[in-house]
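S.K.: Okay, here's the structure, questions in a sec.
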Amino acid sequence: MKALLSVKDLRVNFYTSAGIVKAVDGISFEIAKKEIFALVGESGCGKSTTALAIMRLVPYPGKIVGGKILFKNKNLLEATGEEMTQIRGKEISMIFQNPLTSLNPVYRVGHQVAEAIVLDNIPKRKAWKKVIELFKNVKIPDAEERAYSYPHELSGGMRQRVMIGMMISREPSLIIADEPTTALDVTIQAQIIKLLSELRDTLETSILLITHDFGVVAELADRIAVMYAGKIVEMGNVYQIFENPLHPYTGMLIDALPRITKKEGRLEEIPGSVPNLINPPSGCRFHPRCPLKKEVCSTEEPSLVEVERGHFVACHLYGGGKA
Ligand SMILES: Nc1ncnc2c1ncn2[C@@H]1O[C@H](COP(=O)(O)OP(=O)(O)OP(=O)(O)O)[C@@H](O)[C@H]1O
Ligand SMILES: [Mg+2]
């Protein structure tokens with residue numbers, strides 16, 4: 001696989017007054033060109049922190065303390081501030097859960113997207129034409145008219161389409177979509193999912209999809225990494241993960257699926273909760289919640305091992321030796 005993005009042993013800490021939160025604790029994965037790669041896991045497991053690290057936007061009191069992020073073979077952790085500004089928006093763009101907080105309330109949405117386009121030295125009038133074209137691409141009805149709307153005049157689904165339009169306006173090679181459908185109702189979610197998958201085909205973009213929702217993942221992702229408490233516990237393609245989930249945590253997430261789709265798609269119903277990342281449990285971090293735990297699980301940390309081609313799991317049930 002030729003990787004567009006390759007994250008190697010990434011570590012991010014938050015230095016809080018209560019202690020050091022190891023939010024991302026040595027994770028590695030690759031995303032190929034045109035691939036949709038999903039990071040899944042419950043709240044607080046480090047998904048957004050991973051995304052922000054790739055953009056080099058980890059907020060204070062957070063710090064990237066180790067690893068490499070190779071994008072087009074360049075280590076972004078060594079890039080200058082200026083290089084990162086170039087890369088953000090142009091090469092890698094990010095879409096957040098709540099488009100209202102990302103759109104400026106006092107500007108018409110068309111103008112906001114045009115502003116991104118003129119950054120590429122495209123004259124204003126041409127940029128406006130491109131905005132209308134983009135809005136049509138993301139299936140905004142009456143695009144010419146809607147471009148003059150203010151964010152509050154649009155529905156949540158339409159605002160997310162505007163965001164996606166803005167995100168693709170500079171034709172990035174990688175889109176990071178952090179919970180792009182969580183704030184939307186189920187039918188609108190399905191439309192946005194369809195749109196993202198079409199854009200991957202037409203623009204040949206790679207997508208890093210971050211979500212709680214295994215249902216969204218099943219529909220959209222090529223490969224999946226399941227995160228738990230700052231670590232990747234299982235990784236494989238969509239068939240491997242859904243047909244042969246190996247880690248007990250992955251199994252529980254999938255079993256919870258029919259129930260959670262009825263209940264706004266969240267995963268909070270699995271018994272127990274993600275541990276505090278200042279003092280995580282010893283051994284396998286999942287052991288306090290694991291129905292299949294053995295003695296070794298509380299003492300030794302399992303390492304991520306490849307059990308079939310491209311399918312990795314970190315669990316003592318599969319011989320995961322010492323990390
Ligand atoms: N600004 C911050 N200051 C201190 N700790 C933080 C900060 N941001 C995140 N963390 C901690 O880092 C860990 C990972 O958080 P992160 O937001 O990456 O999780 P997530 O998987 O995206 O969760 P969610 O699904 O709720 O968005 C959590 O323990 C969180 O409390
Ligand atoms: Mg998050």
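Starting from 1 in every chain, residues are counted up; chains themselves are A, B, ... following the order of the structure tokens, and ligands are numbered from 1 as listed.
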Please return as an NGL selection string the residues found within 7 Å of ligand 2, counting only C-alpha atoms and all ligand atoms.

M.R.: :A and (43-44 or 47-48 or 178)

S.K.: Once you count only C-alpha atoms and all ligand atoms, what closest atom pair and distance in Å to one decimal does each residue of chain A within 6 Å of ligand 1 have, with rows by chain and rising residue number, as JSON lines?

M.R.:
```
{"residue": "A:Phe14", "atom": "CA", "partner": "ligand 1", "partner_atom_place_in_ligand_line": "4 (C)", "distance": 5.1}
{"residue": "A:Thr16", "atom": "CA", "partner": "ligand 1", "partner_atom_place_in_ligand_line": "4 (C)", "distance": 5.9}
{"residue": "A:Ala23", "atom": "CA", "partner": "ligand 1", "partner_atom_place_in_ligand_line": "13 (C)", "distance": 4.2}
{"residue": "A:Glu42", "atom": "CA", "partner": "ligand 1", "partner_atom_place_in_ligand_line": "25 (O)", "distance": 5.6}
{"residue": "A:Ser43", "atom": "CA", "partner": "ligand 1", "partner_atom_place_in_ligand_line": "25 (O)", "distance": 3.4}
{"residue": "A:Gly44", "atom": "CA", "partner": "ligand 1", "partner_atom_place_in_ligand_line": "19 (O)", "distance": 3.4}
{"residue": "A:Cys45", "atom": "CA", "partner": "ligand 1", "partner_atom_place_in_ligand_line": "21 (O)", "distance": 4.0}
{"residue": "A:Gly46", "atom": "CA", "partner": "ligand 1", "partner_atom_place_in_ligand_line": "18 (O)", "distance": 3.2}
{"residue": "A:Lys47", "atom": "CA", "partner": "ligand 1", "partner_atom_place_in_ligand_line": "21 (O)", "distance": 3.8}
{"residue": "A:Ser48", "atom": "CA", "partner": "ligand 1", "partner_atom_place_in_ligand_line": "22 (O)", "distance": 3.6}
{"residue": "A:Thr49", "atom": "CA", "partner": "ligand 1", "partner_atom_place_in_ligand_line": "18 (O)", "distance": 3.7}
{"residue": "A:Pro59", "atom": "CA", "partner": "ligand 1", "partner_atom_place_in_ligand_line": "1 (N)", "distance": 5.7}
{"residue": "A:Pro61", "atom": "CA", "partner": "ligand 1", "partner_atom_place_in_ligand_line": "3 (N)", "distance": 5.8}
{"residue": "A:Leu277", "atom": "CA", "partner": "ligand 1", "partner_atom_place_in_ligand_line": "29 (O)", "distance": 5.5}
```

S.K.: Could you pull the residues within 10 Å of segment 246-257 of chain A, counting only C-alpha atoms, minus those fewer than 3 positions along the same chain, as a ChimeraX atom specification?

M.R.: /A:40-42,212-215,225-228,233-235,240-243,260-263,265-271,286-287,289-293,307,311-318

S.K.: Find the residues of segment 212-236 of chain A that sit at most 9 Å from segment 194-207 of chain A; for each, write down the nearest two atoms and how far apart they are in Å, to one decimal. Count only C-alpha atoms. Sort by chain, then by number going up, and give it as CSV.

M.R.:
```
residue,atom,partner,partner_atom,distance
A:Glu219,CA,A:Lys194,CA,8.8
A:Leu220,CA,A:Ser197,CA,6.6
A:Ala221,CA,A:Ile207,CA,8.9
```

S.K.: Take the residues just selected and output them with N, CA and C atoms as a PDB file, in the first residue's frame.

M.R.:
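Heads up, here's the output in again_34.pdb:
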```
ATOM      1  N   GLU A 219     -20.941   1.744   6.657  1.00  0.00           N
ATOM      2  CA  GLU A 219     -21.380   2.200   5.349  1.00  0.00           C
ATOM      3  C   GLU A 219     -20.283   2.856   4.538  1.00  0.00           C
ATOM      4  N   LEU A 220     -19.305   3.429   5.226  1.00  0.00           N
ATOM      5  CA  LEU A 220     -18.409   4.338   4.529  1.00  0.00           C
ATOM      6  C   LEU A 220     -16.952   3.883   4.467  1.00  0.00           C
ATOM      7  N   ALA A 221     -16.487   3.176   5.504  1.00  0.00           N
ATOM      8  CA  ALA A 221     -15.041   2.980   5.636  1.00  0.00           C
ATOM      9  C   ALA A 221     -14.509   1.812   4.814  1.00  0.00           C
TER      10      ALA A 221
END
```

S.K.: With a distance cut-off of 12 Å and only C-alpha atoms, select the neighbouring residues of Ile20 of chain A, excluding the residue or stretch itself and same-chain residues fewer than 4 positions from it, and output the selection as number ranges by chain.

M.R.: A: 12-16, 24-25, 61-63, 65, 276-280

S.K.: Just to confirm, what's the straight-line distance from atom CA of Ser93 of chain A to atom CA of Met166 of chain A in Å (one decimal)?

M.R.: 9.2 Å

S.K.: DSSP on the backbone: which residues in segment 73-317 of chain A end up as strand (DSSP E)? Give the answer as a VMD selection string.

M.R.: chain A and resid 74 to 75 92 to 95 174 to 178 206 to 211 223 to 228 231 to 237 305 to 308 311 to 313

S.K.: Can you work out the spacing between atom CA of Phe135 of chain A and atom CA of Arg161 of chain A in Å, to one decimal?

M.R.: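 Atom CA of Phe135 of chain A sits 7.7 Å away from atom CA of Arg161 of chain A.
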
S.K.: Just give me the gap between atom CA of Met158 of chain A and atom CA of Asn137 of chain A in Å, one decimal is fine.

M.R.: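 These two atoms are separated by 12.7 Å.
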
S.K.: Kindly indicate which residue among A:Trp128, A:Tyr107, A:Phe96, A:Tyr148 lies nearest to Met167 of chain A, using only C-alpha atoms for the distances.

M.R.: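 Distance minimum relative to Met167 of chain A lands on A:Phe96.
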
S.K.: List the spatial neighbours of Lys2 of chain A as a ChimeraX atom specification - criterion: any atom at most 12 Å away, only C-alpha atoms, same-chain residues fewer than 2 positions off excluded.

M.R.: /A:4-6,30-35,71-73

S.K.: Env of Asn75 of chain A: 12 Å cut, atoms = only C-alpha atoms, seq-sep filter 4 positions within chain, self excluded. Answer as a list of chain:residue names.

M.R.: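 The neighbour list is A:Leu4, A:Leu5, A:Ser6, A:Val7, A:Lys8, A:Leu10, A:Ile54, A:Met55, A:Arg56, A:Gly67, A:Lys68, A:Ile69, A:Leu70, A:Phe71, A:Ala79, A:Thr80, A:Glu83, A:Met84, A:Ile87.
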
S.K.: In terms of the shortest atom-to-atom distance over only C-alpha atoms, which of A:Ile36, A:Ile232, A:Leu57, A:Val238 is closest to Ser303 of chain A?

M.R.: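 Of the candidates, the smallest distance to Ser303 of chain A is held by A:Ile232.
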
S.K.: Within segment 70-288 of chain A, find each residue whose DSSP state, derived from the backbone, is alpha helix (DSSP H), and express the selection as an MDAnalysis selection string.

M.R.: chainID A and resid 81:90 99:102 109:118 124:137 143:146 156:168 186:203 214:220 238:243 248:255 257:262

S.K.: From the options A:Gly165, A:Gly156, A:Gly19, A:Gly319, which residue's atoms come nearest to Ala143 of chain A, counting only C-alpha atoms?

M.R.: A:Gly165

S.K.: Considering only C-alpha atoms, can you say which of A:Met94, A:Ala229, A:Ala183, A:Ala177 comes closest to Gly26 of chain A?

M.R.: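 Selected residue with least distance to Gly26 of chain A: A:Ala229.
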